[in-house]
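Beneath this line is the structure, given in structure tokens, with notes to follow.
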Amino acid sequence: MPILSAFGAARTIPGSSGVVNDYSYDFNGSSYLRYPSSSSFAIGTQEFSIECFVYLNSYPSYLSPAAVILDFGYAVTSGNQRVQFFINSSGQPAFVRNNRPVSSSSTSVISSEALSLSTWTYIAVSRLSTGVVHIYVNNNVRGTASNLSGTISSGTGVIPSVGTGSVETTRFLNGKISNLRFNLGSSISTATVPTSPLTAQATTKMLTCQSSTVKDNSVANGGGPWTLTNSGVLVSSSGPF
């Protein structure tokens, strides 16, 4: 049945457009991917961006109030902050950093716009050189925070997860993710919905959920891709392009 895509054009789900890397990975509410532990994922004080297309089958329930896109877990070498990009139980993209060991509180930015179910939507979170963090939904800034500047300890000593939490391991996503990219050392200052599959850039540390096999397409692991641990994730020919 045709639906509106992130670009407002009718398309049929599922179905393949035949575009290279126009695939998605299907997360069924209990499946997930894990990256290896590496200091390459430690954000620190740098600019960054996390972006992808998402197709939700359902919103997370109040019993498990987050559907994780990317979770860096706790850092063990510089405090124990946790960093997570997720969809909340109201369908809103959100980015959170807990403030441990300084305090037990958390700092977050939440989109003012909820995502529609059964629709491909582009979402992103990015920290600019000024320290301001934006959440984007399609072509629009839908959330802004200035209190997420400074050091964000992520990735050091933990195993980043896609589709579930690294710590809260039942925060599963029920839907599809396509073209998930994490760039470190660069940011997104203007929201532009991609019209073709994302590629590895000089600052790309992760690139996945876009191939006909479950794999990472970055060259951040010493010039090659990371080896992913797959727990039940399937490839889908449904894609956003």
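Letters A, B, ... go to the chains of the structure tokens in the order shown; residues in each chain start at 1; ligands are counted from 1 in the same order.
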Write out as a PDB file with N, CA and C atoms, in the first residue's frame which residues come within 6 Å of Gln84 of chain A when counting only C-alpha atoms, dropping same-chain ones fewer than 3 positions away.
ATOM      1  N   LEU A  70      21.070   4.322  18.572  1.00  0.00           N
ATOM      2  CA  LEU A  70      22.488   4.083  18.846  1.00  0.00           C
ATOM      3  C   LEU A  70      22.772   4.427  20.301  1.00  0.00           C
ATOM      4  N   ASP A  71      23.374   3.487  21.013  1.00  0.00           N
ATOM      5  CA  ASP A  71      23.698   3.652  22.427  1.00  0.00           C
ATOM      6  C   ASP A  71      25.181   3.351  22.624  1.00  0.00           C
ATOM      7  N   PHE A  95      18.071  12.696  22.413  1.00  0.00           N
ATOM      8  CA  PHE A  95      19.481  12.418  22.687  1.00  0.00           C
ATOM      9  C   PHE A  95      19.723  12.726  24.152  1.00  0.00           C
ATOM     10  N   VAL A  96      20.372  11.813  24.872  1.00  0.00           N
ATOM     11  CA  VAL A  96      20.578  11.997  26.304  1.00  0.00           C
ATOM     12  C   VAL A  96      22.024  11.677  26.693  1.00  0.00           C
TER      13      VAL A  96
END
- Query: Near segment 214-231 of chain A, counting only C-alpha atoms, which residues have an atom at most 12 Å away, once you skip same-chain residues fewer than 5 positions from it, shown as an MDAnalysis selection string?
  - Reply: chainID A and resid 21 23:41 159:164 172 177:184 197:209 236
- Message: Excluding segment 133-144 of chain A and its own-chain neighbours fewer than 5 positions away, which residues fall within 10 Å of it when counting only C-alpha atoms? Please give them as a PyMOL selection string.
- Response: chain A and resi 6-7+47-51+53+85+92-95+108-115+120-128+149+187-194
Writer output for current selection, C-alpha atoms, as an mmCIF file, in the first residue's frame:
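Okay, this is what ended up in out-v3.cif:
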data_model
loop_
_atom_site.group_PDB
_atom_site.id
_atom_site.type_symbol
_atom_site.label_atom_id
_atom_site.label_comp_id
_atom_site.auth_asym_id
_atom_site.auth_seq_id
_atom_site.Cartn_x
_atom_site.Cartn_y
_atom_site.Cartn_z
ATOM 1 C CA ALA A 6 10.238 11.273 4.132
ATOM 2 C CA PHE A 7 10.217 13.148 0.836
ATOM 3 C CA GLU A 47 31.587 18.027 17.027
ATOM 4 C CA PHE A 48 29.574 14.989 15.982
ATOM 5 C CA SER A 49 26.521 13.829 14.089
ATOM 6 C CA ILE A 50 24.363 10.705 14.163
ATOM 7 C CA GLU A 51 21.929 10.348 11.282
ATOM 8 C CA PHE A 53 16.345 6.907 8.242
ATOM 9 C CA PHE A 85 20.090 8.466 20.607
ATOM 10 C CA GLN A 92 9.934 11.697 19.565
ATOM 11 C CA PRO A 93 13.645 11.395 18.714
ATOM 12 C CA ALA A 94 15.819 12.263 21.707
ATOM 13 C CA PHE A 95 19.481 12.418 22.687
ATOM 14 C CA SER A 108 18.818 15.682 27.076
ATOM 15 C CA VAL A 109 17.353 17.280 23.988
ATOM 16 C CA ILE A 110 14.002 16.020 22.670
ATOM 17 C CA SER A 111 12.341 16.643 19.327
ATOM 18 C CA SER A 112 9.096 18.619 19.413
ATOM 19 C CA GLU A 113 7.872 16.460 16.509
ATOM 20 C CA ALA A 114 6.857 12.832 16.843
ATOM 21 C CA LEU A 115 7.524 10.356 14.051
ATOM 22 C CA TRP A 120 10.412 6.416 6.311
ATOM 23 C CA THR A 121 11.688 9.506 8.140
ATOM 24 C CA TYR A 122 15.132 11.068 8.248
ATOM 25 C CA ILE A 123 16.346 11.937 11.751
ATOM 26 C CA ALA A 124 19.639 13.252 13.072
ATOM 27 C CA VAL A 125 21.319 14.707 16.125
ATOM 28 C CA SER A 126 24.389 16.909 15.838
ATOM 29 C CA ARG A 127 26.610 19.017 18.054
ATOM 30 C CA LEU A 128 28.021 22.108 16.379
ATOM 31 C CA SER A 149 28.660 21.242 25.501
ATOM 32 C CA SER A 187 28.608 18.299 12.350
ATOM 33 C CA ILE A 188 25.349 19.026 10.515
ATOM 34 C CA SER A 189 24.536 22.724 10.600
ATOM 35 C CA THR A 190 21.660 22.660 8.091
ATOM 36 C CA ALA A 191 19.103 19.900 7.790
ATOM 37 C CA THR A 192 18.985 18.369 4.329
ATOM 38 C CA VAL A 193 17.279 15.039 3.727
ATOM 39 C CA PRO A 194 19.690 12.791 1.778
#
What residues in segment 32-223 of chain A get the DSSP label strand (DSSP E or B)? Please answer as a compact mmCIF listing (two decimals) with N, CA and C atoms, in the first residue's frame.
# COMPACT_ATOMS: atom_id res chain seq x y z
N TYR A 32 19.31 -6.89 17.64
CA TYR A 32 20.21 -5.75 17.76
C TYR A 32 21.55 -6.07 17.12
N LEU A 33 22.34 -5.01 16.94
CA LEU A 33 23.73 -5.12 16.47
C LEU A 33 24.66 -4.54 17.54
N ARG A 34 25.88 -5.05 17.58
CA ARG A 34 26.87 -4.46 18.47
C ARG A 34 28.17 -4.23 17.73
N GLY A 44 34.18 13.06 23.47
CA GLY A 44 34.98 14.09 24.11
C GLY A 44 34.36 15.47 23.94
N PHE A 48 29.95 16.32 16.44
CA PHE A 48 29.57 14.99 15.98
C PHE A 48 28.21 15.06 15.31
N SER A 49 27.87 13.99 14.62
CA SER A 49 26.52 13.83 14.09
C SER A 49 26.18 12.35 14.04
N ILE A 50 24.93 12.04 14.34
CA ILE A 50 24.36 10.70 14.16
C ILE A 50 23.13 10.89 13.29
N GLU A 51 23.06 10.17 12.20
CA GLU A 51 21.93 10.35 11.28
C GLU A 51 21.50 9.01 10.70
N CYS A 52 20.24 8.92 10.34
CA CYS A 52 19.72 7.71 9.73
C CYS A 52 18.30 7.96 9.23
N PHE A 53 17.77 6.99 8.52
CA PHE A 53 16.34 6.91 8.24
C PHE A 53 15.76 5.83 9.15
N VAL A 54 14.56 6.07 9.64
CA VAL A 54 13.91 5.09 10.51
C VAL A 54 12.47 4.87 10.04
N TYR A 55 12.02 3.63 10.16
CA TYR A 55 10.66 3.22 9.80
C TYR A 55 10.12 2.44 10.99
N LEU A 56 9.24 3.07 11.76
CA LEU A 56 8.75 2.47 12.99
C LEU A 56 7.50 1.63 12.75
N ALA A 66 12.01 3.52 25.62
CA ALA A 66 12.95 4.00 24.61
C ALA A 66 13.20 2.92 23.57
N ALA A 67 13.16 3.30 22.31
CA ALA A 67 13.57 2.44 21.21
C ALA A 67 14.90 2.99 20.71
N VAL A 68 15.96 2.28 20.98
CA VAL A 68 17.31 2.80 20.77
C VAL A 68 17.70 2.76 19.30
N ILE A 69 18.23 3.88 18.81
CA ILE A 69 18.91 3.93 17.52
C ILE A 69 20.38 3.56 17.74
N LEU A 70 21.07 4.32 18.57
CA LEU A 70 22.49 4.08 18.85
C LEU A 70 22.77 4.43 20.30
N ASP A 71 23.37 3.49 21.01
CA ASP A 71 23.70 3.65 22.43
C ASP A 71 25.18 3.35 22.62
N PHE A 72 25.90 4.33 23.20
CA PHE A 72 27.32 4.14 23.46
C PHE A 72 27.60 3.55 24.83
N GLY A 73 26.57 3.38 25.65
CA GLY A 73 26.78 2.80 26.96
C GLY A 73 27.58 3.70 27.88
N TYR A 74 28.18 3.10 28.88
CA TYR A 74 28.96 3.84 29.87
C TYR A 74 30.44 3.86 29.49
N ARG A 82 26.67 8.13 30.13
CA ARG A 82 26.06 7.28 29.10
C ARG A 82 25.45 8.17 28.03
N VAL A 83 25.62 7.78 26.78
CA VAL A 83 25.14 8.57 25.65
C VAL A 83 24.23 7.70 24.80
N GLN A 84 23.04 8.24 24.46
CA GLN A 84 22.07 7.44 23.72
C GLN A 84 21.22 8.32 22.81
N PHE A 85 21.01 7.86 21.57
CA PHE A 85 20.09 8.47 20.61
C PHE A 85 18.95 7.48 20.44
N PHE A 86 17.71 7.93 20.72
CA PHE A 86 16.61 6.98 20.80
C PHE A 86 15.29 7.64 20.44
N ILE A 87 14.25 6.82 20.33
CA ILE A 87 12.87 7.27 20.14
C ILE A 87 12.14 7.02 21.45
N ASN A 88 11.47 8.04 22.00
CA ASN A 88 10.78 7.84 23.26
C ASN A 88 9.38 7.26 23.05
N PRO A 93 12.21 11.63 18.62
CA PRO A 93 13.65 11.39 18.71
C PRO A 93 14.25 12.20 19.86
N ALA A 94 15.20 11.61 20.55
CA ALA A 94 15.82 12.26 21.71
C ALA A 94 17.28 11.84 21.82
N PHE A 95 18.07 12.70 22.41
CA PHE A 95 19.48 12.42 22.69
C PHE A 95 19.72 12.73 24.15
N VAL A 96 20.37 11.81 24.87
CA VAL A 96 20.58 12.00 26.30
C VAL A 96 22.02 11.68 26.69
N ARG A 97 22.51 12.43 27.65
CA ARG A 97 23.80 12.15 28.30
C ARG A 97 23.55 12.21 29.80
N ASN A 98 23.91 11.14 30.52
CA ASN A 98 23.82 11.29 31.96
C ASN A 98 25.05 12.04 32.45
N SER A 106 20.46 13.68 34.33
CA SER A 106 20.72 13.51 32.90
C SER A 106 20.43 14.81 32.17
N THR A 107 21.10 15.01 31.04
CA THR A 107 20.88 16.17 30.19
C THR A 107 20.43 15.66 28.83
N SER A 108 19.36 16.22 28.31
CA SER A 108 18.82 15.68 27.08
C SER A 108 18.27 16.78 26.18
N VAL A 109 18.07 16.44 24.94
CA VAL A 109 17.35 17.28 23.99
C VAL A 109 16.34 16.38 23.29
N ILE A 110 15.10 16.83 23.20
CA ILE A 110 14.00 16.02 22.67
C ILE A 110 13.33 16.76 21.53
N THR A 121 11.41 8.14 7.70
CA THR A 121 11.69 9.51 8.14
C THR A 121 13.17 9.65 8.43
N TYR A 122 13.73 10.75 7.96
CA TYR A 122 15.13 11.07 8.25
C TYR A 122 15.22 11.78 9.59
N ILE A 123 16.11 11.29 10.46
CA ILE A 123 16.35 11.94 11.75
C ILE A 123 17.85 12.06 11.99
N ALA A 124 18.22 13.05 12.77
CA ALA A 124 19.64 13.25 13.07
C ALA A 124 19.78 14.03 14.36
N VAL A 125 20.92 13.86 15.01
CA VAL A 125 21.32 14.71 16.12
C VAL A 125 22.75 15.13 15.85
N SER A 126 23.06 16.39 16.14
CA SER A 126 24.39 16.91 15.84
C SER A 126 24.79 17.99 16.82
N ARG A 127 26.06 17.94 17.23
CA ARG A 127 26.61 19.02 18.05
C ARG A 127 27.53 19.87 17.19
N VAL A 133 23.48 21.65 20.44
CA VAL A 133 23.04 20.38 19.88
C VAL A 133 21.66 20.56 19.25
N HIS A 134 21.52 20.08 18.01
CA HIS A 134 20.23 20.12 17.31
C HIS A 134 19.74 18.70 17.07
N ILE A 135 18.44 18.51 17.14
CA ILE A 135 17.79 17.31 16.63
C ILE A 135 17.01 17.71 15.38
N TYR A 136 17.19 16.94 14.33
CA TYR A 136 16.53 17.20 13.06
C TYR A 136 15.52 16.11 12.76
N VAL A 137 14.37 16.50 12.24
CA VAL A 137 13.39 15.58 11.67
C VAL A 137 13.12 16.06 10.26
N ASN A 140 13.93 19.85 9.12
CA ASN A 140 13.68 20.85 10.15
C ASN A 140 14.42 20.58 11.45
N VAL A 141 14.86 21.66 12.10
CA VAL A 141 15.36 21.56 13.46
C VAL A 141 14.15 21.46 14.38
N ARG A 142 14.07 20.38 15.15
CA ARG A 142 12.92 20.16 16.02
C ARG A 142 13.30 20.11 17.50
N GLY A 143 14.57 20.34 17.81
CA GLY A 143 15.00 20.40 19.19
C GLY A 143 16.38 21.01 19.27
N THR A 144 16.62 21.84 20.29
CA THR A 144 17.91 22.53 20.44
C THR A 144 18.27 22.55 21.92
N ALA A 145 19.54 22.33 22.21
CA ALA A 145 20.03 22.40 23.59
C ALA A 145 21.42 23.01 23.59
N ILE A 152 31.83 14.83 26.41
CA ILE A 152 30.89 13.72 26.42
C ILE A 152 31.72 12.45 26.32
N SER A 161 25.83 -0.16 20.84
CA SER A 161 24.75 -1.02 20.37
C SER A 161 23.83 -0.26 19.43
N VAL A 162 23.29 -0.95 18.44
CA VAL A 162 22.29 -0.43 17.52
C VAL A 162 21.03 -1.26 17.69
N ASN A 174 11.38 -1.60 17.33
CA ASN A 174 10.53 -2.43 16.48
C ASN A 174 10.30 -1.67 15.17
N GLY A 175 11.11 -1.99 14.17
CA GLY A 175 11.03 -1.29 12.89
C GLY A 175 12.31 -1.47 12.12
N LYS A 176 12.58 -0.54 11.22
CA LYS A 176 13.75 -0.63 10.35
C LYS A 176 14.60 0.62 10.49
N ILE A 177 15.90 0.43 10.34
CA ILE A 177 16.86 1.53 10.28
C ILE A 177 17.61 1.41 8.96
N SER A 178 17.79 2.54 8.28
CA SER A 178 18.55 2.55 7.04
C SER A 178 19.58 3.66 7.08
N ASN A 179 20.77 3.36 6.57
CA ASN A 179 21.84 4.35 6.41
C ASN A 179 22.14 5.09 7.72
N LEU A 180 22.57 4.32 8.71
CA LEU A 180 22.98 4.89 9.99
C LEU A 180 24.45 5.28 9.91
N ARG A 181 24.73 6.56 10.15
CA ARG A 181 26.11 7.05 10.08
C ARG A 181 26.43 7.90 11.30
N PHE A 182 27.59 7.63 11.89
CA PHE A 182 28.11 8.42 13.01
C PHE A 182 29.40 9.08 12.56
N ASN A 183 29.40 10.40 12.51
CA ASN A 183 30.58 11.18 12.17
C ASN A 183 31.10 11.87 13.43
N LEU A 184 32.39 11.85 13.63
CA LEU A 184 33.02 12.47 14.79
C LEU A 184 34.10 13.42 14.31
N THR A 204 33.86 9.75 9.33
CA THR A 204 32.90 8.69 9.61
C THR A 204 33.52 7.59 10.47
N LYS A 205 32.87 7.30 11.61
CA LYS A 205 33.32 6.24 12.51
C LYS A 205 32.44 5.01 12.43
N MET A 206 31.18 5.18 12.01
CA MET A 206 30.24 4.07 11.82
C MET A 206 29.41 4.35 10.57
N LEU A 207 29.15 3.31 9.81
CA LEU A 207 28.24 3.40 8.67
C LEU A 207 27.65 2.02 8.44
N THR A 208 26.35 1.89 8.67
CA THR A 208 25.73 0.57 8.59
C THR A 208 24.26 0.69 8.23
N ASP A 216 29.35 -3.32 8.58
CA ASP A 216 29.76 -1.93 8.68
C ASP A 216 30.45 -1.54 7.38
N ASN A 221 38.22 1.27 11.15
CA ASN A 221 38.95 0.26 11.90
C ASN A 221 40.30 0.02 11.24
